[in-house]
Amino acid sequence: MYAITDRHRCAPTPLIDVVSELLDAGVKAIQLREKDLSDIALIKLAEPIAAACYNYKANLFINTHIHVASDVGAAGVHLPANAEPVGSVKETETGDPCYIGCSVHSLDAAKKREAEGADFLTYSPIYPTASKPGYGPAVGTARLAEVVEGVKLPVFALGGITPVRVPECLTAGVFGVAVMSGVMPPKGAGTQAKRYLDALC
């Protein structure tokens, strides 16, 4: 399970509290996706989250900002669909090599990111969702299976994923599921995460 943050959705509960609940529930991968913050503000937000992930032996990924990922000791970065090539990001790495995940919305894009050297992909939107506006209609699990079969990288299904829909995604061959709105409530994040984790077992 790949949990994606949105501090606005979980407000007024502090994001670190929600992330701590997710980690306590057993989530092992967190993407810090707070695109409206400056680097300084993002580092301030990321530092306690990075420490919590380290304590739980979970992987933290920072959306877009390679330098922030390096500064806080994150496992890697996650690049949006319109981001620079993976190779350009790897050239700017400081410190230990990091993992690079990429968002894609088509099989061609998935193949391109694989050729660039990405480590894993999120493919969306699988189902209708308000969290992924502007990316076209839901693609469905048949298209999801095509992407999974079309690349050798691990693929996470993203967009409208509920615990009930997890088995359909697994049948399509995904490595896992990525979830944002489903695990960012002000209360009960840990309980909700356990529903996803149980469905993934």
# chains A, B, ... in the order shown; residues from 1 in each chain; ligands from 1
>>> residues_around(residues="Ala199 (chain A)", least_positions_apart="5", cutoff="8 Å", atoms="only C-alpha atoms", output="list in words")
Pro163, Val164, Val166 and Pro167 of chain A
>>> closest_atom_pairs(of="region 12-35 of chain A", to="region 50-67 of chain A", cutoff="8 Å", atoms="only C-alpha atoms", output="Markdown table")
| residue | atom | partner | partner_atom | distance |
| --- | --- | --- | --- | --- |
| A:Ser20 | CA | A:Ala52 | CA | 6.8 |
| A:Leu23 | CA | A:Tyr56 | CA | 6.6 |
| A:Asp24 | CA | A:Tyr56 | CA | 7.8 |
| A:Val27 | CA | A:Ala58 | CA | 7.4 |
| A:Lys28 | CA | A:Ala58 | CA | 4.3 |
| A:Ala29 | CA | A:Asn59 | CA | 4.7 |
| A:Ile30 | CA | A:Leu60 | CA | 4.9 |
| A:Gln31 | CA | A:Phe61 | CA | 4.5 |
| A:Leu32 | CA | A:Ile62 | CA | 5.0 |
| A:Arg33 | CA | A:Asn63 | CA | 5.1 |
| A:Glu34 | CA | A:Asn63 | CA | 7.4 |
| A:Lys35 | CA | A:Asn63 | CA | 7.5 |
>>> write_last_selection(atoms="all heavy atoms", output="tab-separated table (two decimals), in the first residue's frame")
chain	number	residue	atom	x	y	z
A	20	SER	N	1.26	9.07	11.44
A	20	SER	CA	1.62	8.16	12.54
A	20	SER	C	0.58	7.04	12.68
A	20	SER	O	0.93	5.89	12.94
A	20	SER	CB	1.74	8.94	13.85
A	20	SER	OG	2.83	9.84	13.79
A	23	LEU	N	1.19	4.56	9.83
A	23	LEU	CA	2.37	3.74	10.11
A	23	LEU	C	2.07	2.70	11.18
A	23	LEU	O	2.47	1.54	11.09
A	23	LEU	CB	3.54	4.62	10.53
A	23	LEU	CG	4.08	5.58	9.47
A	23	LEU	CD1	5.06	6.57	10.09
A	23	LEU	CD2	4.73	4.82	8.32
A	24	ASP	N	1.34	3.12	12.20
A	24	ASP	CA	0.99	2.20	13.29
A	24	ASP	C	0.08	1.08	12.78
A	24	ASP	O	0.12	-0.04	13.30
A	24	ASP	CB	0.30	2.98	14.41
A	24	ASP	CG	0.28	2.21	15.72
A	24	ASP	OD1	1.34	1.67	16.11
A	24	ASP	OD2	-0.79	2.13	16.34
A	27	VAL	N	1.18	0.56	7.35
A	27	VAL	CA	1.55	1.11	6.04
A	27	VAL	C	3.06	1.28	5.98
A	27	VAL	O	3.68	1.80	6.92
A	27	VAL	CB	0.85	2.48	5.81
A	27	VAL	CG1	1.33	3.11	4.50
A	27	VAL	CG2	-0.66	2.28	5.78
A	28	LYS	N	3.66	0.86	4.88
A	28	LYS	CA	5.13	0.87	4.77
A	28	LYS	C	5.66	1.83	3.70
A	28	LYS	O	6.87	1.90	3.47
A	28	LYS	CB	5.63	-0.54	4.45
A	28	LYS	CG	5.45	-1.52	5.60
A	28	LYS	CD	6.22	-1.09	6.84
A	28	LYS	CE	6.12	-2.09	7.97
A	28	LYS	NZ	6.82	-1.61	9.20
A	29	ALA	N	4.77	2.57	3.04
A	29	ALA	CA	5.21	3.54	2.02
A	29	ALA	C	4.30	4.75	2.07
A	29	ALA	O	3.07	4.62	1.97
A	29	ALA	CB	5.21	2.91	0.64
A	30	ILE	N	4.91	5.93	2.22
A	30	ILE	CA	4.19	7.18	2.31
A	30	ILE	C	4.75	8.15	1.28
A	30	ILE	O	5.97	8.32	1.19
A	30	ILE	CB	4.34	7.84	3.70
A	30	ILE	CG1	3.91	6.89	4.82
A	30	ILE	CG2	3.60	9.18	3.76
A	30	ILE	CD1	2.43	6.75	5.00
A	31	GLN	N	3.88	8.79	0.50
A	31	GLN	CA	4.31	9.87	-0.39
A	31	GLN	C	3.84	11.19	0.19
A	31	GLN	O	2.64	11.40	0.36
A	31	GLN	CB	3.76	9.71	-1.80
A	31	GLN	CG	4.22	10.83	-2.73
A	31	GLN	CD	3.40	10.97	-4.00
A	31	GLN	OE1	3.24	12.06	-4.54
A	31	GLN	NE2	2.85	9.87	-4.49
A	32	LEU	N	4.79	12.08	0.49
A	32	LEU	CA	4.45	13.41	0.96
A	32	LEU	C	4.18	14.28	-0.27
A	32	LEU	O	5.11	14.69	-0.97
A	32	LEU	CB	5.60	13.98	1.80
A	32	LEU	CG	5.29	15.28	2.55
A	32	LEU	CD1	4.14	15.09	3.54
A	32	LEU	CD2	6.54	15.77	3.28
A	33	ARG	N	2.90	14.55	-0.49
A	33	ARG	CA	2.47	15.26	-1.71
A	33	ARG	C	1.80	16.58	-1.30
A	33	ARG	O	0.57	16.70	-1.33
A	33	ARG	CB	1.51	14.38	-2.52
A	33	ARG	CG	1.09	14.96	-3.87
A	33	ARG	CD	0.07	14.05	-4.51
A	33	ARG	NE	-0.34	14.50	-5.84
A	33	ARG	CZ	-1.31	15.38	-6.07
A	33	ARG	NH1	-1.96	15.94	-5.06
A	33	ARG	NH2	-1.63	15.72	-7.32
A	34	GLU	N	2.60	17.53	-0.94
A	34	GLU	CA	2.08	18.83	-0.51
A	34	GLU	C	2.65	19.89	-1.46
A	34	GLU	O	3.60	20.60	-1.16
A	34	GLU	CB	2.47	19.10	0.94
A	34	GLU	CG	2.06	18.00	1.92
A	34	GLU	CD	0.55	17.78	1.99
A	34	GLU	OE1	-0.20	18.76	1.80
A	34	GLU	OE2	0.13	16.63	2.23
A	35	LYS	N	2.03	19.99	-2.63
A	35	LYS	CA	2.59	20.74	-3.75
A	35	LYS	C	2.57	22.25	-3.56
A	35	LYS	O	3.26	22.97	-4.28
A	35	LYS	CB	1.85	20.39	-5.04
A	35	LYS	CG	2.07	18.95	-5.50
A	35	LYS	CD	1.44	18.74	-6.85
A	35	LYS	CE	1.80	17.38	-7.43
A	35	LYS	NZ	1.27	17.20	-8.80
>>> atom_distance(atom1="CA of Arg7 (chain A)", atom2="CA of Met184 (chain A)")
7.7 Å
>>> residues_around(residues="Glu114 (chain A)", least_positions_apart="6", cutoff="12 Å", atoms="only C-alpha atoms", output="ChimeraX atom specification")
/A:85-87,100-104,107-108,120-122,147-148,150-155
>>> atom_distance(atom1="CA of Leu170 (chain A)", atom2="CA of Leu200 (chain A)")
7.8 Å
>>> residues_around(residues="region 156-161 of chain A", least_positions_apart="2", cutoff="7 Å", atoms="only C-alpha atoms", output="count of residues only")
21
>>> select_by_dssp(residues="chain A", states="strand (DSSP E)", output="MDAnalysis selection string")
chainID A and resid 2:4 29:32 59:63 76:79 99:104 120:123 155:158 176:179
>>> write_last_selection(atoms="N, CA, C and O atoms", output="compact mmCIF listing (two decimals), in the first residue's frame")
# COMPACT_ATOMS: atom_id res chain seq x y z
N TYR A 2 0.53 2.17 -0.86
CA TYR A 2 1.27 3.42 -1.04
C TYR A 2 0.33 4.55 -0.66
O TYR A 2 -0.58 4.90 -1.42
N ALA A 3 0.51 5.13 0.52
CA ALA A 3 -0.38 6.18 1.01
C ALA A 3 0.15 7.54 0.59
O ALA A 3 1.34 7.83 0.74
N ILE A 4 -0.74 8.38 0.07
CA ILE A 4 -0.37 9.71 -0.43
C ILE A 4 -1.03 10.77 0.44
O ILE A 4 -2.23 10.71 0.71
N ALA A 29 4.77 2.57 3.04
CA ALA A 29 5.21 3.54 2.02
C ALA A 29 4.30 4.75 2.07
O ALA A 29 3.07 4.62 1.97
N ILE A 30 4.91 5.93 2.22
CA ILE A 30 4.19 7.18 2.31
C ILE A 30 4.75 8.15 1.28
O ILE A 30 5.97 8.32 1.19
N GLN A 31 3.88 8.79 0.50
CA GLN A 31 4.31 9.87 -0.39
C GLN A 31 3.84 11.19 0.19
O GLN A 31 2.64 11.40 0.36
N LEU A 32 4.79 12.08 0.49
CA LEU A 32 4.45 13.41 0.96
C LEU A 32 4.18 14.28 -0.27
O LEU A 32 5.11 14.69 -0.97
N ASN A 59 9.12 3.46 4.09
CA ASN A 59 9.75 4.29 3.07
C ASN A 59 8.96 5.57 2.85
O ASN A 59 7.74 5.54 2.63
N LEU A 60 9.66 6.70 2.89
CA LEU A 60 9.05 7.99 2.62
C LEU A 60 9.51 8.50 1.26
O LEU A 60 10.70 8.47 0.94
N PHE A 61 8.55 8.95 0.46
CA PHE A 61 8.83 9.54 -0.84
C PHE A 61 8.34 10.98 -0.85
O PHE A 61 7.24 11.26 -0.38
N ILE A 62 9.15 11.88 -1.39
CA ILE A 62 8.78 13.29 -1.48
C ILE A 62 8.36 13.59 -2.91
O ILE A 62 9.09 13.26 -3.86
N ASN A 63 7.22 14.21 -3.08
CA ASN A 63 6.75 14.54 -4.41
C ASN A 63 7.64 15.63 -5.02
O ASN A 63 7.76 16.73 -4.45
N GLY A 76 13.08 8.23 -1.41
CA GLY A 76 13.08 8.60 -2.82
C GLY A 76 12.13 9.74 -3.12
O GLY A 76 11.64 10.42 -2.21
N VAL A 77 11.92 9.96 -4.41
CA VAL A 77 11.03 11.01 -4.87
C VAL A 77 9.96 10.41 -5.78
O VAL A 77 10.14 9.32 -6.34
N HIS A 78 8.86 11.15 -5.90
CA HIS A 78 7.81 10.74 -6.83
C HIS A 78 7.58 11.88 -7.81
O HIS A 78 7.36 13.03 -7.41
N LEU A 79 7.66 11.56 -9.10
CA LEU A 79 7.54 12.58 -10.14
C LEU A 79 6.15 12.58 -10.75
O LEU A 79 5.62 11.52 -11.12
N TYR A 99 15.12 5.96 -4.71
CA TYR A 99 14.13 5.36 -5.60
C TYR A 99 13.32 6.47 -6.25
O TYR A 99 13.04 7.50 -5.63
N ILE A 100 12.91 6.24 -7.50
CA ILE A 100 12.11 7.23 -8.21
C ILE A 100 10.84 6.59 -8.72
O ILE A 100 10.88 5.65 -9.53
N GLY A 101 9.71 7.08 -8.22
CA GLY A 101 8.41 6.66 -8.70
C GLY A 101 7.86 7.70 -9.65
O GLY A 101 8.21 8.88 -9.56
N CYS A 102 7.01 7.29 -10.57
CA CYS A 102 6.46 8.21 -11.56
C CYS A 102 4.95 7.99 -11.74
O CYS A 102 4.49 6.84 -11.78
N SER A 103 4.23 9.08 -11.85
CA SER A 103 2.81 9.02 -12.18
C SER A 103 2.65 8.92 -13.69
O SER A 103 3.29 9.68 -14.43
N VAL A 104 1.81 8.01 -14.14
CA VAL A 104 1.53 7.89 -15.58
C VAL A 104 0.03 7.73 -15.79
O VAL A 104 -0.70 7.29 -14.90
N PHE A 120 9.31 2.52 -10.07
CA PHE A 120 7.93 2.04 -9.98
C PHE A 120 7.00 3.11 -10.54
O PHE A 120 7.40 4.26 -10.74
N LEU A 121 5.75 2.72 -10.79
CA LEU A 121 4.77 3.62 -11.40
C LEU A 121 3.46 3.62 -10.62
O LEU A 121 3.08 2.61 -10.03
N THR A 122 2.77 4.76 -10.65
CA THR A 122 1.36 4.80 -10.27
C THR A 122 0.58 5.11 -11.54
O THR A 122 0.94 6.03 -12.28
N TYR A 123 -0.46 4.34 -11.79
CA TYR A 123 -1.28 4.52 -12.99
C TYR A 123 -2.68 4.93 -12.57
O TYR A 123 -3.29 4.27 -11.72
N VAL A 155 3.66 -1.71 -10.63
CA VAL A 155 2.62 -0.71 -10.93
C VAL A 155 1.62 -0.67 -9.77
O VAL A 155 1.10 -1.71 -9.35
N PHE A 156 1.36 0.53 -9.28
CA PHE A 156 0.35 0.75 -8.25
C PHE A 156 -0.89 1.37 -8.90
O PHE A 156 -0.78 2.35 -9.64
N ALA A 157 -2.04 0.80 -8.62
CA ALA A 157 -3.30 1.37 -9.11
C ALA A 157 -3.67 2.56 -8.25
O ALA A 157 -3.58 2.51 -7.03
N LEU A 158 -4.11 3.66 -8.89
CA LEU A 158 -4.43 4.89 -8.17
C LEU A 158 -5.69 5.51 -8.75
O LEU A 158 -5.91 5.46 -9.96
N GLY A 176 0.49 -3.20 -6.11
CA GLY A 176 -0.22 -2.69 -4.94
C GLY A 176 -1.17 -1.58 -5.33
O GLY A 176 -1.41 -1.35 -6.52
N VAL A 177 -1.72 -0.90 -4.33
CA VAL A 177 -2.62 0.21 -4.59
C VAL A 177 -2.09 1.47 -3.92
O VAL A 177 -1.46 1.41 -2.86
N ALA A 178 -2.36 2.60 -4.55
CA ALA A 178 -1.99 3.91 -3.99
C ALA A 178 -3.28 4.63 -3.63
O ALA A 178 -4.24 4.64 -4.41
N VAL A 179 -3.31 5.23 -2.46
CA VAL A 179 -4.56 5.82 -1.95
C VAL A 179 -4.26 7.18 -1.31
O VAL A 179 -3.30 7.31 -0.54
>>> closest_residue(among="A:Glu21, A:Pro14, A:Ala172, A:Asp198", to="Thr141 (chain A)", atoms="only C-alpha atoms")
A:Ala172
>>> select_by_dssp(residues="chain A", states="helix (DSSP H, G or I)", output="compact mmCIF listing (two decimals) with N, CA and C atoms, in the first residue's frame")
# COMPACT_ATOMS: atom_id res chain seq x y z
N ARG A 7 -2.62 17.29 3.47
CA ARG A 7 -2.87 17.85 4.80
C ARG A 7 -4.16 18.66 4.86
N HIS A 8 -4.64 19.12 3.70
CA HIS A 8 -5.90 19.87 3.68
C HIS A 8 -7.09 18.94 3.94
N ARG A 9 -7.01 17.72 3.46
CA ARG A 9 -8.10 16.76 3.65
C ARG A 9 -8.22 16.31 5.10
N CYS A 10 -7.09 16.17 5.76
CA CYS A 10 -7.13 15.65 7.13
C CYS A 10 -7.25 16.76 8.19
N LEU A 15 -0.97 16.66 10.05
CA LEU A 15 -0.61 15.59 9.13
C LEU A 15 0.28 14.55 9.81
N ILE A 16 1.20 14.96 10.67
CA ILE A 16 2.07 14.01 11.34
C ILE A 16 1.26 13.02 12.18
N ASP A 17 0.16 13.47 12.76
CA ASP A 17 -0.67 12.57 13.56
C ASP A 17 -1.35 11.52 12.67
N VAL A 18 -1.82 11.97 11.50
CA VAL A 18 -2.47 11.04 10.57
C VAL A 18 -1.46 10.04 10.03
N VAL A 19 -0.28 10.53 9.64
CA VAL A 19 0.76 9.63 9.14
C VAL A 19 1.17 8.62 10.21
N SER A 20 1.26 9.07 11.44
CA SER A 20 1.62 8.16 12.54
C SER A 20 0.58 7.04 12.68
N GLU A 21 -0.70 7.39 12.51
CA GLU A 21 -1.76 6.37 12.55
C GLU A 21 -1.58 5.36 11.42
N LEU A 22 -1.25 5.86 10.23
CA LEU A 22 -1.06 4.97 9.09
C LEU A 22 0.11 4.02 9.32
N LEU A 23 1.19 4.56 9.83
CA LEU A 23 2.37 3.74 10.11
C LEU A 23 2.07 2.70 11.18
N ASP A 24 1.34 3.12 12.20
CA ASP A 24 0.99 2.20 13.29
C ASP A 24 0.08 1.08 12.78
N ALA A 25 -0.71 1.39 11.74
CA ALA A 25 -1.59 0.37 11.17
C ALA A 25 -0.85 -0.62 10.29
N ASP A 39 10.07 25.03 -0.46
CA ASP A 39 11.03 24.02 0.00
C ASP A 39 11.23 24.08 1.51
N ILE A 40 11.35 25.30 2.04
CA ILE A 40 11.59 25.46 3.48
C ILE A 40 10.42 24.92 4.29
N ALA A 41 9.20 25.27 3.88
CA ALA A 41 8.01 24.80 4.58
C ALA A 41 7.85 23.29 4.43
N LEU A 42 8.20 22.77 3.24
CA LEU A 42 8.09 21.33 3.01
C LEU A 42 9.07 20.56 3.88
N ILE A 43 10.29 21.06 4.02
CA ILE A 43 11.27 20.41 4.88
C ILE A 43 10.79 20.39 6.33
N LYS A 44 10.23 21.50 6.78
CA LYS A 44 9.72 21.59 8.15
C LYS A 44 8.62 20.56 8.38
N LEU A 45 7.75 20.39 7.39
CA LEU A 45 6.68 19.41 7.49
C LEU A 45 7.23 17.99 7.40
N ALA A 46 8.23 17.81 6.55
CA ALA A 46 8.73 16.47 6.25
C ALA A 46 9.60 15.88 7.36
N GLU A 47 10.32 16.71 8.07
CA GLU A 47 11.29 16.19 9.05
C GLU A 47 10.68 15.25 10.09
N PRO A 48 9.60 15.63 10.78
CA PRO A 48 9.03 14.69 11.75
C PRO A 48 8.40 13.47 11.08
N ILE A 49 7.88 13.64 9.87
CA ILE A 49 7.31 12.51 9.15
C ILE A 49 8.42 11.54 8.75
N ALA A 50 9.55 12.07 8.31
CA ALA A 50 10.68 11.22 7.96
C ALA A 50 11.19 10.45 9.17
N ALA A 51 11.22 11.12 10.33
CA ALA A 51 11.66 10.46 11.55
C ALA A 51 10.71 9.32 11.93
N ALA A 52 9.41 9.58 11.78
CA ALA A 52 8.42 8.55 12.09
C ALA A 52 8.55 7.36 11.14
N CYS A 53 8.74 7.64 9.85
CA CYS A 53 8.92 6.55 8.88
C CYS A 53 10.16 5.73 9.20
N TYR A 54 11.22 6.41 9.60
CA TYR A 54 12.46 5.71 9.96
C TYR A 54 12.22 4.78 11.15
N ASN A 55 11.49 5.27 12.14
CA ASN A 55 11.22 4.47 13.33
C ASN A 55 10.38 3.23 13.00
N ILE A 66 13.72 16.65 -5.13
CA ILE A 66 14.83 15.76 -4.85
C ILE A 66 15.70 16.27 -3.71
N HIS A 67 15.90 17.58 -3.64
CA HIS A 67 16.76 18.13 -2.59
C HIS A 67 16.10 17.99 -1.21
N VAL A 68 14.79 18.15 -1.16
CA VAL A 68 14.08 17.96 0.10
C VAL A 68 14.18 16.50 0.52
N ALA A 69 14.00 15.59 -0.44
CA ALA A 69 14.11 14.16 -0.16
C ALA A 69 15.48 13.84 0.43
N SER A 70 16.52 14.43 -0.15
CA SER A 70 17.87 14.20 0.34
C SER A 70 18.07 14.79 1.73
N ASP A 71 17.56 16.00 1.93
CA ASP A 71 17.76 16.69 3.21
C ASP A 71 17.13 15.94 4.38
N VAL A 72 15.98 15.31 4.15
CA VAL A 72 15.28 14.65 5.25
C VAL A 72 15.55 13.14 5.30
N VAL A 86 13.49 11.10 -15.82
CA VAL A 86 14.05 10.45 -14.64
C VAL A 86 15.57 10.63 -14.59
N GLY A 87 16.21 10.55 -15.75
CA GLY A 87 17.66 10.70 -15.79
C GLY A 87 18.13 12.03 -15.27
N SER A 88 17.37 13.09 -15.54
CA SER A 88 17.73 14.42 -15.05
C SER A 88 17.68 14.48 -13.54
N VAL A 89 16.70 13.80 -12.96
CA VAL A 89 16.57 13.77 -11.51
C VAL A 89 17.72 12.99 -10.89
N LYS A 90 18.06 11.87 -11.50
CA LYS A 90 19.15 11.06 -10.96
C LYS A 90 20.48 11.81 -11.00
N GLU A 91 20.64 12.68 -11.98
CA GLU A 91 21.88 13.45 -12.08
C GLU A 91 22.02 14.46 -10.95
N LEU A 107 -0.30 3.81 -21.33
CA LEU A 107 0.70 2.77 -21.51
C LEU A 107 1.96 3.35 -22.13
N ASP A 108 1.80 4.26 -23.09
CA ASP A 108 2.97 4.88 -23.72
C ASP A 108 3.82 5.61 -22.68
N ALA A 109 3.15 6.34 -21.80
CA ALA A 109 3.88 7.07 -20.76
C ALA A 109 4.58 6.10 -19.81
N ALA A 110 3.92 4.99 -19.52
CA ALA A 110 4.53 3.98 -18.64
C ALA A 110 5.80 3.41 -19.26
N LYS A 111 5.74 3.11 -20.55
CA LYS A 111 6.91 2.57 -21.24
C LYS A 111 8.03 3.61 -21.29
N LYS A 112 7.67 4.87 -21.48
CA LYS A 112 8.67 5.93 -21.53
C LYS A 112 9.38 6.06 -20.19
N ARG A 113 8.61 6.07 -19.11
CA ARG A 113 9.22 6.19 -17.78
C ARG A 113 10.07 4.97 -17.45
N GLU A 114 9.64 3.81 -17.88
CA GLU A 114 10.44 2.60 -17.67
C GLU A 114 11.78 2.73 -18.38
N ALA A 115 11.74 3.21 -19.62
CA ALA A 115 12.97 3.37 -20.40
C ALA A 115 13.90 4.41 -19.77
N GLU A 116 13.33 5.40 -19.10
CA GLU A 116 14.13 6.44 -18.45
C GLU A 116 14.81 5.95 -17.18
N GLY A 140 -10.38 2.18 -15.91
CA GLY A 140 -10.89 0.85 -15.64
C GLY A 140 -9.79 -0.18 -15.48
N THR A 141 -10.18 -1.35 -15.00
CA THR A 141 -9.20 -2.39 -14.68
C THR A 141 -8.65 -3.10 -15.92
N ALA A 142 -9.39 -3.09 -17.04
CA ALA A 142 -8.87 -3.72 -18.24
C ALA A 142 -7.64 -2.96 -18.75
N ARG A 143 -7.73 -1.63 -18.76
CA ARG A 143 -6.58 -0.81 -19.17
C ARG A 143 -5.45 -0.93 -18.15
N LEU A 144 -5.82 -1.05 -16.90
CA LEU A 144 -4.83 -1.24 -15.85
C LEU A 144 -4.02 -2.50 -16.12
N ALA A 145 -4.70 -3.58 -16.48
CA ALA A 145 -4.02 -4.84 -16.77
C ALA A 145 -3.08 -4.71 -17.97
N GLU A 146 -3.48 -3.90 -18.95
CA GLU A 146 -2.62 -3.68 -20.12
C GLU A 146 -1.31 -3.00 -19.73
N VAL A 147 -1.41 -2.02 -18.84
CA VAL A 147 -0.21 -1.32 -18.39
C VAL A 147 0.68 -2.26 -17.57
N VAL A 148 0.07 -3.02 -16.68
CA VAL A 148 0.83 -3.97 -15.86
C VAL A 148 1.59 -4.95 -16.75
N GLU A 149 0.92 -5.43 -17.80
CA GLU A 149 1.54 -6.40 -18.70
C GLU A 149 2.53 -5.75 -19.65
N GLY A 150 2.36 -4.44 -19.87
CA GLY A 150 3.20 -3.74 -20.85
C GLY A 150 4.55 -3.28 -20.34
N PRO A 163 -11.36 -0.03 -0.35
CA PRO A 163 -11.02 -1.39 0.06
C PRO A 163 -11.77 -2.46 -0.73
N VAL A 164 -13.02 -2.19 -1.08
CA VAL A 164 -13.82 -3.16 -1.83
C VAL A 164 -13.27 -3.38 -3.24
N ARG A 165 -12.64 -2.34 -3.79
CA ARG A 165 -12.13 -2.43 -5.16
C ARG A 165 -10.72 -3.01 -5.24
N VAL A 166 -10.06 -3.20 -4.12
CA VAL A 166 -8.70 -3.71 -4.11
C VAL A 166 -8.59 -5.07 -4.81
N PRO A 167 -9.48 -6.04 -4.54
CA PRO A 167 -9.36 -7.33 -5.22
C PRO A 167 -9.39 -7.23 -6.74
N GLU A 168 -10.21 -6.30 -7.28
CA GLU A 168 -10.26 -6.13 -8.74
C GLU A 168 -8.91 -5.67 -9.27
N CYS A 169 -8.27 -4.79 -8.53
CA CYS A 169 -6.96 -4.29 -8.94
C CYS A 169 -5.91 -5.39 -8.86
N LEU A 170 -5.99 -6.19 -7.82
CA LEU A 170 -5.04 -7.29 -7.68
C LEU A 170 -5.21 -8.31 -8.81
N THR A 171 -6.43 -8.53 -9.22
CA THR A 171 -6.70 -9.44 -10.33
C THR A 171 -6.05 -8.93 -11.62
N SER A 181 -7.32 10.08 -0.77
CA SER A 181 -8.51 10.51 -0.02
C SER A 181 -9.00 9.42 0.94
N GLY A 182 -8.81 8.16 0.58
CA GLY A 182 -9.28 7.07 1.42
C GLY A 182 -8.56 6.92 2.74
N VAL A 183 -7.37 7.54 2.87
CA VAL A 183 -6.61 7.41 4.12
C VAL A 183 -6.22 8.76 4.71
N ALA A 189 -7.92 7.41 10.42
CA ALA A 189 -7.02 7.04 9.33
C ALA A 189 -6.45 5.64 9.50
N GLY A 190 -6.07 5.31 10.72
CA GLY A 190 -5.49 4.00 10.96
C GLY A 190 -6.47 2.88 10.71
N THR A 191 -7.70 3.06 11.16
CA THR A 191 -8.74 2.06 10.94
C THR A 191 -9.00 1.86 9.46
N GLN A 192 -9.05 2.97 8.72
CA GLN A 192 -9.27 2.88 7.28
C GLN A 192 -8.10 2.19 6.59
N ALA A 193 -6.89 2.51 7.01
CA ALA A 193 -5.72 1.88 6.41
C ALA A 193 -5.74 0.37 6.61
N LYS A 194 -6.18 -0.06 7.78
CA LYS A 194 -6.24 -1.50 8.04
C LYS A 194 -7.21 -2.21 7.11
N ARG A 195 -8.27 -1.52 6.71
CA ARG A 195 -9.22 -2.10 5.74
C ARG A 195 -8.53 -2.35 4.41
N TYR A 196 -7.72 -1.39 3.98
CA TYR A 196 -6.97 -1.58 2.73
C TYR A 196 -5.94 -2.70 2.89
N LEU A 197 -5.22 -2.69 3.97
CA LEU A 197 -4.18 -3.69 4.18
C LEU A 197 -4.76 -5.10 4.26
N ASP A 198 -5.92 -5.22 4.91
CA ASP A 198 -6.58 -6.51 4.98
C ASP A 198 -6.99 -6.99 3.58
N ALA A 199 -7.45 -6.05 2.76
CA ALA A 199 -7.88 -6.40 1.40
C ALA A 199 -6.70 -6.80 0.52
N LEU A 200 -5.52 -6.30 0.85
CA LEU A 200 -4.32 -6.61 0.08
C LEU A 200 -3.71 -7.96 0.46
>>> residues_around(residues="Thr13 (chain A)", least_positions_apart="6", cutoff="9 Å", atoms="only C-alpha atoms", output="VMD selection string")
chain A and resid 7 185 to 187
>>> write_last_selection(atoms="N, CA and C atoms", output="PDB file, in the first residue's frame")
ATOM      1  N   ARG A   7      -2.622  17.285   3.466  1.00  0.00           N
ATOM      2  CA  ARG A   7      -2.868  17.849   4.798  1.00  0.00           C
ATOM      3  C   ARG A   7      -4.158  18.659   4.865  1.00  0.00           C
ATOM      4  N   PRO A 185      -8.600  11.027   6.285  1.00  0.00           N
ATOM      5  CA  PRO A 185      -9.692  11.648   7.038  1.00  0.00           C
ATOM      6  C   PRO A 185      -9.151  12.307   8.306  1.00  0.00           C
ATOM      7  N   PRO A 186      -9.865  13.286   8.857  1.00  0.00           N
ATOM      8  CA  PRO A 186      -9.418  13.898  10.109  1.00  0.00           C
ATOM      9  C   PRO A 186      -9.372  12.906  11.269  1.00  0.00           C
ATOM     10  N   LYS A 187     -10.249  11.894  11.204  1.00  0.00           N
ATOM     11  CA  LYS A 187     -10.282  10.869  12.248  1.00  0.00           C
ATOM     12  C   LYS A 187     -10.395   9.487  11.609  1.00  0.00           C
TER      13      LYS A 187
END
>>> atom_distance(atom1="CA of Pro137 (chain A)", atom2="CA of Thr5 (chain A)")
22.7 Å
